[in-house]
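Here is entry_10.cif, consisting of mmCIF, C-alpha atoms and all ligand atoms:
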```cif
data_upload
loop_
_atom_site.group_PDB
_atom_site.id
_atom_site.type_symbol
_atom_site.label_atom_id
_atom_site.label_comp_id
_atom_site.auth_asym_id
_atom_site.auth_seq_id
_atom_site.Cartn_x
_atom_site.Cartn_y
_atom_site.Cartn_z
ATOM 1 C CA MET A 185 23.835 36.720 -8.243
ATOM 2 C CA LYS A 186 21.089 36.152 -5.708
ATOM 3 C CA ALA A 187 18.454 36.891 -8.329
ATOM 4 C CA MET A 188 20.090 34.426 -10.693
ATOM 5 C CA LEU A 189 20.021 31.750 -8.003
ATOM 6 C CA SER A 190 16.337 32.203 -7.222
ATOM 7 C CA PHE A 191 15.594 32.143 -10.942
ATOM 8 C CA LEU A 192 17.383 28.790 -11.215
ATOM 9 C CA ILE A 193 15.483 27.376 -8.247
ATOM 10 C CA LEU A 194 12.183 28.542 -9.715
ATOM 11 C CA PHE A 195 13.168 26.993 -13.048
ATOM 12 C CA PHE A 196 13.799 23.566 -11.542
ATOM 13 C CA VAL A 197 10.732 23.663 -9.330
ATOM 14 C CA THR A 198 8.655 24.395 -12.428
ATOM 15 C CA ILE A 199 10.172 21.467 -14.306
ATOM 16 C CA ILE A 200 9.552 19.094 -11.400
ATOM 17 C CA ALA A 201 6.003 20.367 -10.897
ATOM 18 C CA CYS A 202 5.112 19.961 -14.572
ATOM 19 C CA GLY A 203 6.969 16.720 -15.145
ATOM 20 C CA GLY A 204 5.536 14.887 -12.149
ATOM 21 C CA PRO A 205 1.901 14.181 -13.062
ATOM 22 C CA SER A 206 2.530 13.118 -16.675
ATOM 23 C CA VAL A 207 5.006 10.475 -15.523
ATOM 24 C CA SER A 208 2.573 8.962 -13.018
ATOM 25 C CA GLU A 209 -0.216 9.020 -15.625
ATOM 26 C CA GLU A 210 1.800 6.803 -17.940
ATOM 27 C CA GLY A 211 2.410 4.418 -15.059
ATOM 28 C CA ASP A 212 -1.334 4.082 -14.405
ATOM 29 C CA GLU A 213 -2.053 2.115 -17.543
ATOM 30 C CA ALA A 214 -0.062 -1.030 -16.925
ATOM 31 C CA GLU A 215 -0.039 -1.057 -13.136
ATOM 32 C CA THR A 216 -2.351 -3.326 -11.155
ATOM 33 C CA LEU A 217 -2.356 -2.629 -7.454
ATOM 34 C CA PRO A 218 -2.995 -5.357 -4.867
ATOM 35 C CA VAL A 219 -6.432 -5.509 -3.231
ATOM 36 C CA ALA A 220 -4.762 -4.730 0.100
ATOM 37 C CA MET A 221 -3.987 -1.292 -1.374
ATOM 38 C CA GLY A 222 -7.656 -0.974 -2.302
ATOM 39 C CA GLU A 223 -8.557 -1.727 1.310
ATOM 40 C CA LYS A 224 -6.251 1.052 2.538
ATOM 41 C CA LEU A 225 -7.751 3.540 0.072
ATOM 42 C CA TYR A 226 -11.270 2.418 1.017
ATOM 43 C CA ASN A 227 -10.549 3.056 4.691
ATOM 44 C CA VAL A 228 -9.373 6.580 3.847
ATOM 45 C CA HIS A 229 -11.907 7.672 1.226
ATOM 46 C CA CYS A 230 -15.037 5.553 1.504
ATOM 47 C CA VAL A 231 -15.731 4.495 5.118
ATOM 48 C CA ILE A 232 -17.253 7.891 6.007
ATOM 49 C CA CYS A 233 -20.310 7.055 3.905
ATOM 50 C CA HIS A 234 -20.164 3.310 3.309
ATOM 51 C CA GLY A 235 -18.795 2.150 6.682
ATOM 52 C CA LYS A 236 -15.957 -0.267 7.343
ATOM 53 C CA ASP A 237 -17.946 -3.295 6.154
ATOM 54 C CA GLY A 238 -19.774 -1.472 3.348
ATOM 55 C CA THR A 239 -23.230 -1.522 4.999
ATOM 56 C CA LEU A 240 -23.412 1.936 6.625
ATOM 57 C CA GLY A 241 -25.353 3.496 3.762
ATOM 58 C CA LEU A 242 -25.084 7.137 4.896
ATOM 59 C CA ASN A 243 -27.084 9.578 2.739
ATOM 60 C CA GLU A 244 -28.603 6.636 0.894
ATOM 61 C CA ALA A 245 -25.224 5.281 -0.092
ATOM 62 C CA GLY A 246 -25.835 1.812 -1.454
ATOM 63 C CA ASP A 247 -25.130 -1.189 0.776
ATOM 64 C CA LEU A 248 -21.930 -2.324 -0.897
ATOM 65 C CA THR A 249 -22.278 -5.880 0.410
ATOM 66 C CA ALA A 250 -25.581 -6.164 -1.477
ATOM 67 C CA SER A 251 -24.346 -4.532 -4.681
ATOM 68 C CA GLU A 252 -24.803 -6.574 -7.830
ATOM 69 C CA MET A 253 -22.624 -4.255 -9.889
ATOM 70 C CA THR A 254 -19.884 -5.640 -12.088
ATOM 71 C CA LEU A 255 -16.303 -4.502 -11.600
ATOM 72 C CA SER A 256 -16.454 -2.061 -14.510
ATOM 73 C CA GLU A 257 -19.767 -0.592 -13.279
ATOM 74 C CA ARG A 258 -18.146 -0.060 -9.873
ATOM 75 C CA LYS A 259 -15.128 1.588 -11.465
ATOM 76 C CA GLY A 260 -17.516 3.813 -13.419
ATOM 77 C CA ILE A 261 -19.450 5.016 -10.380
ATOM 78 C CA ILE A 262 -16.263 5.525 -8.371
ATOM 79 C CA SER A 263 -14.598 7.619 -11.077
ATOM 80 C CA GLU A 264 -17.717 9.557 -12.149
ATOM 81 C CA GLY A 265 -19.570 9.732 -8.822
ATOM 82 C CA ARG A 266 -23.339 9.563 -8.392
ATOM 83 C CA GLY A 267 -25.822 11.397 -6.158
ATOM 84 C CA SER A 268 -23.960 12.655 -3.109
ATOM 85 C CA MET A 269 -20.966 10.449 -3.898
ATOM 86 C CA ILE A 270 -18.203 12.528 -5.418
ATOM 87 C CA ALA A 271 -16.213 11.649 -8.547
ATOM 88 C CA TYR A 272 -12.888 10.132 -7.609
ATOM 89 C CA ARG A 273 -11.166 10.379 -10.978
ATOM 90 C CA ARG A 274 -9.373 13.553 -9.947
ATOM 91 C CA ILE A 275 -8.477 12.193 -6.500
ATOM 92 C CA LEU A 276 -7.377 8.642 -7.243
ATOM 93 C CA THR A 277 -5.374 7.255 -10.143
ATOM 94 C CA ARG A 278 -6.979 4.722 -12.467
ATOM 95 C CA ALA A 279 -4.997 1.932 -10.823
ATOM 96 C CA GLU A 280 -6.200 3.054 -7.387
ATOM 97 C CA ILE A 281 -9.826 3.166 -8.557
ATOM 98 C CA ASP A 282 -9.386 -0.349 -9.929
ATOM 99 C CA ALA A 283 -7.952 -1.583 -6.606
ATOM 100 C CA VAL A 284 -10.660 0.036 -4.487
ATOM 101 C CA ALA A 285 -13.372 -1.308 -6.824
ATOM 102 C CA ARG A 286 -11.965 -4.823 -6.453
ATOM 103 C CA TYR A 287 -11.958 -4.323 -2.691
ATOM 104 C CA THR A 288 -15.694 -3.456 -2.725
ATOM 105 C CA LYS A 289 -16.231 -6.828 -4.406
ATOM 106 C CA VAL A 290 -14.362 -8.462 -1.529
ATOM 107 C CA LEU A 291 -16.764 -6.722 0.879
ATOM 108 C CA SER A 292 -19.728 -8.314 -0.851
ATOM 109 C CA GLY A 293 -17.984 -11.681 -0.761
ATOM 110 C CA LYS A 294 -17.940 -11.859 -4.544
ATOM 111 C CA GLY A 295 -14.345 -10.974 -5.198
ATOM 112 C CA GLU A 296 -10.845 -12.070 -4.527
ATOM 113 C CA SER A 297 -9.566 -11.737 -0.984
ATOM 114 C CA SER A 298 -6.218 -10.091 -0.431
ATOM 115 C CA GLU A 299 -4.806 -13.349 0.933
ATOM 116 C CA GLY A 300 -6.295 -15.501 -1.806
ATOM 117 C CA GLU A 301 -4.715 -13.657 -4.727
ATOM 118 C CA GLU A 302 -1.806 -16.028 -5.191
ATOM 119 C CA MET A 303 -3.935 -19.123 -4.709
ATOM 120 C CA GLU A 304 -6.443 -18.028 -7.298
ATOM 121 C CA SER A 305 -3.863 -17.905 -10.064
ATOM 122 C CA ASP A 306 -2.526 -21.296 -8.898
ATOM 123 C CA THR A 307 -5.904 -22.991 -9.184
ATOM 124 C CA LEU A 308 -6.453 -21.504 -12.622
ATOM 125 C CA GLU A 309 -3.498 -23.483 -13.953
ATOM 126 C CA PHE A 310 -5.227 -26.755 -13.142
ATOM 127 C CA GLN A 311 -8.432 -25.988 -14.979
HETATM 128 C C1 LIG B 401 -20.054 11.354 0.455
HETATM 129 C C2 LIG B 401 -20.451 9.985 0.715
HETATM 130 C C3 LIG B 401 -19.797 8.888 -0.123
HETATM 131 C C4 LIG B 401 -18.456 8.581 -0.210
HETATM 132 C C5 LIG B 401 -17.287 9.263 0.483
HETATM 133 C C6 LIG B 401 -18.356 7.438 -1.088
HETATM 134 N N1 LIG B 401 -19.595 7.069 -1.527
HETATM 135 FE FE1 LIG B 401 -20.035 5.471 -2.715
HETATM 136 N N2 LIG B 401 -21.992 5.991 -2.729
HETATM 137 C C7 LIG B 401 -22.534 7.075 -2.052
HETATM 138 C C8 LIG B 401 -23.939 7.211 -2.400
HETATM 139 C C9 LIG B 401 -24.904 8.276 -1.864
HETATM 140 C C10 LIG B 401 -24.234 6.157 -3.319
HETATM 141 C C11 LIG B 401 -25.571 5.866 -4.004
HETATM 142 C C12 LIG B 401 -25.607 6.680 -5.282
HETATM 143 C C13 LIG B 401 -26.916 6.491 -6.010
HETATM 144 O O1 LIG B 401 -27.187 5.354 -6.409
HETATM 145 O O2 LIG B 401 -27.605 7.477 -6.170
HETATM 146 C C14 LIG B 401 -22.987 5.403 -3.486
HETATM 147 C C15 LIG B 401 -22.865 4.292 -4.294
HETATM 148 C C16 LIG B 401 -21.701 3.548 -4.431
HETATM 149 C C17 LIG B 401 -21.580 2.328 -5.217
HETATM 150 C C18 LIG B 401 -22.691 1.642 -5.986
HETATM 151 C C19 LIG B 401 -23.405 0.643 -5.103
HETATM 152 C C20 LIG B 401 -24.623 0.087 -5.821
HETATM 153 O O3 LIG B 401 -24.643 -1.112 -6.116
HETATM 154 O O4 LIG B 401 -25.553 0.863 -6.074
HETATM 155 C C21 LIG B 401 -20.285 1.913 -5.125
HETATM 156 C C22 LIG B 401 -19.667 0.671 -5.749
HETATM 157 C C23 LIG B 401 -19.588 2.870 -4.290
HETATM 158 N N3 LIG B 401 -20.471 3.849 -3.879
HETATM 159 C C24 LIG B 401 -18.261 2.796 -3.950
HETATM 160 C C25 LIG B 401 -17.568 3.786 -3.268
HETATM 161 C C26 LIG B 401 -16.136 3.784 -3.070
HETATM 162 C C27 LIG B 401 -15.201 2.686 -3.530
HETATM 163 C C28 LIG B 401 -15.828 4.922 -2.400
HETATM 164 C C29 LIG B 401 -14.453 5.424 -2.006
HETATM 165 C C30 LIG B 401 -13.504 5.619 -3.087
HETATM 166 C C31 LIG B 401 -17.070 5.628 -2.138
HETATM 167 N N4 LIG B 401 -18.108 4.903 -2.685
HETATM 168 C C32 LIG B 401 -17.175 6.815 -1.424
HETATM 169 C C33 LIG B 401 -21.873 7.913 -1.160
HETATM 170 C C34 LIG B 401 -20.509 7.943 -0.962
#
```

Rewrite the coordinates I just gave you, this time as C-alpha cells.
Amino acid sequence: MKAMLSFLILFFVTIIACGGPSVSEEGDEAETLPVAMGEKLYNVHCVICHGKDGTLGLNEAGDLTASEMTLSERKGIISEGRGSMIAYRRILTRAEIDAVARYTKVLSGKGESSEGEEMESDTLEFQ
C-alpha cells in the first residue's frame, strides 16, 4: 500500500513538472508586462554589470544610456548574449525580455516611463 502511495505521488509530481513549462510558454506570446516589471528584473539580473542607471559598464558592458539600439536589437542581445554578457533566453521568458528591454530604453531617456504608460496611449488618440 505504501509503495502504491509513493507511486501515485511520483506520478502526479511528474505530471506537474512536465505540464508547468509548456503552459507558461503559451502565455508568453500574448502577454506584455509593464515596464515596472522590467525595472525589477533589471535590478536583479543586469545591475551587476550595467549599474543601476545603466552607465557602470563593467567588463566593457556598453553604457546603456548611450545605446542607440532599437528595441528589437536590445531584445536580440539580451536573449542571445554577447561578449561576457550571457544569453537570457533560458533565464527569462520572452515577455520578461521584452519588459527589461523596454526598461533599458527608459534608462537612455528614449522610451516610455513606467508612470507615463497610460498617458502615452491617451495622447495617441488625439493625433
Ligand atoms: C556579466 C555582465 C553582464 C550582465 C549581467 C548583463 N550584461 Fe548587458 N552587456 C554586457 C557586456 C560586456 C556588453 C557589451 C557586449 C559587446 O558589445 O561586446 C553588454 C551589452 C548590452 C547591451 C547593448 C548595449 C549597446 O548599445 O551596445 C544591452 C541592451 C544590454 N547589455 C542589456 C542588458 C540587460 C537588459 C541585462 C539584464 C537582463 C544585461 N545586459 C546583463 C555585460 C552584461

Would you tabulate, counting all atoms listed in the file, all residues of chain A that have an atom at most 10 Å from an atom of ligand LIG 401 (chain B), showing the closest pair of atoms and their distance in Å to one decimal, sorted by chain then ascending number, as a Markdown table?
```
| residue | atom | partner | partner_atom | distance |
| --- | --- | --- | --- | --- |
| A:Gly222 | CA | B:LIG401 | C27 | 8.5 |
| A:Glu223 | CA | B:LIG401 | C27 | 9.3 |
| A:Leu225 | CA | B:LIG401 | C30 | 6.9 |
| A:Tyr226 | CA | B:LIG401 | C29 | 5.3 |
| A:Asn227 | CA | B:LIG401 | C29 | 8.1 |
| A:Val228 | CA | B:LIG401 | C29 | 7.8 |
| A:His229 | CA | B:LIG401 | C29 | 4.7 |
| A:Cys230 | CA | B:LIG401 | C29 | 3.6 |
| A:Val231 | CA | B:LIG401 | C5 | 6.8 |
| A:Ile232 | CA | B:LIG401 | C5 | 5.7 |
| A:Cys233 | CA | B:LIG401 | C2 | 4.3 |
| A:His234 | CA | B:LIG401 | N1 | 6.2 |
| A:Gly235 | CA | B:LIG401 | C6 | 9.4 |
| A:Gly238 | CA | B:LIG401 | C24 | 8.6 |
| A:Leu240 | CA | B:LIG401 | C33 | 9.9 |
| A:Gly241 | CA | B:LIG401 | C8 | 7.3 |
| A:Leu242 | CA | B:LIG401 | C9 | 6.9 |
| A:Asn243 | CA | B:LIG401 | C9 | 5.3 |
| A:Glu244 | CA | B:LIG401 | C9 | 4.9 |
| A:Ala245 | CA | B:LIG401 | C8 | 3.3 |
| A:Gly246 | CA | B:LIG401 | C19 | 4.5 |
| A:Asp247 | CA | B:LIG401 | C19 | 6.4 |
| A:Leu248 | CA | B:LIG401 | C19 | 5.4 |
| A:Thr249 | CA | B:LIG401 | O3 | 8.4 |
| A:Ala250 | CA | B:LIG401 | O3 | 6.9 |
| A:Ser251 | CA | B:LIG401 | O3 | 3.7 |
| A:Glu252 | CA | B:LIG401 | O3 | 5.7 |
| A:Met253 | CA | B:LIG401 | O3 | 5.3 |
| A:Thr254 | CA | B:LIG401 | O3 | 8.9 |
| A:Leu255 | CA | B:LIG401 | C22 | 8.5 |
| A:Ser256 | CA | B:LIG401 | C22 | 9.7 |
| A:Glu257 | CA | B:LIG401 | C22 | 7.6 |
| A:Arg258 | CA | B:LIG401 | C22 | 4.5 |
| A:Lys259 | CA | B:LIG401 | C22 | 7.4 |
| A:Gly260 | CA | B:LIG401 | C22 | 8.6 |
| A:Ile261 | CA | B:LIG401 | C21 | 6.2 |
| A:Ile262 | CA | B:LIG401 | C25 | 5.5 |
| A:Ser263 | CA | B:LIG401 | C30 | 8.3 |
| A:Gly265 | CA | B:LIG401 | FE1 | 7.5 |
| A:Arg266 | CA | B:LIG401 | C12 | 4.8 |
| A:Gly267 | CA | B:LIG401 | O2 | 4.3 |
| A:Ser268 | CA | B:LIG401 | C9 | 4.6 |
| A:Met269 | CA | B:LIG401 | C33 | 3.8 |
| A:Ile270 | CA | B:LIG401 | C1 | 6.3 |
| A:Ala271 | CA | B:LIG401 | C30 | 8.6 |
| A:Tyr272 | CA | B:LIG401 | C30 | 6.4 |
| A:Arg273 | CA | B:LIG401 | C30 | 9.5 |
| A:Ile275 | CA | B:LIG401 | C30 | 9.0 |
| A:Leu276 | CA | B:LIG401 | C30 | 8.0 |
| A:Glu280 | CA | B:LIG401 | C30 | 8.9 |
| A:Ile281 | CA | B:LIG401 | C30 | 7.0 |
| A:Asp282 | CA | B:LIG401 | C27 | 9.2 |
| A:Ala283 | CA | B:LIG401 | C27 | 9.0 |
| A:Val284 | CA | B:LIG401 | C27 | 5.3 |
| A:Ala285 | CA | B:LIG401 | C27 | 5.5 |
| A:Arg286 | CA | B:LIG401 | C27 | 8.7 |
| A:Tyr287 | CA | B:LIG401 | C27 | 7.8 |
| A:Thr288 | CA | B:LIG401 | C27 | 6.2 |
| A:Lys289 | CA | B:LIG401 | C22 | 8.4 |
```

Determine the axis-aligned bounding box of all atoms of segment 274-285 of chain A present in the file, pad each side by 6 Å, and express its centre and edge lengths in Å to one decimal place as JSON.
```
{"center_x": -9.2, "center_y": 6.0, "center_z": -8.5, "size_x": 20.4, "size_y": 27.1, "size_z": 20.0}
```

Please compute the atom CA of Thr216 of chain A-atom CA of Val290 of chain A distance, one decimal, in Å. 16.2 Å

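Here the question is which of A:Lys236, A:Arg278, A:Leu217, A:Lys224 gets nearest to Leu291 of chain A using all atoms listed in the file, and that residue is A:Lys236.
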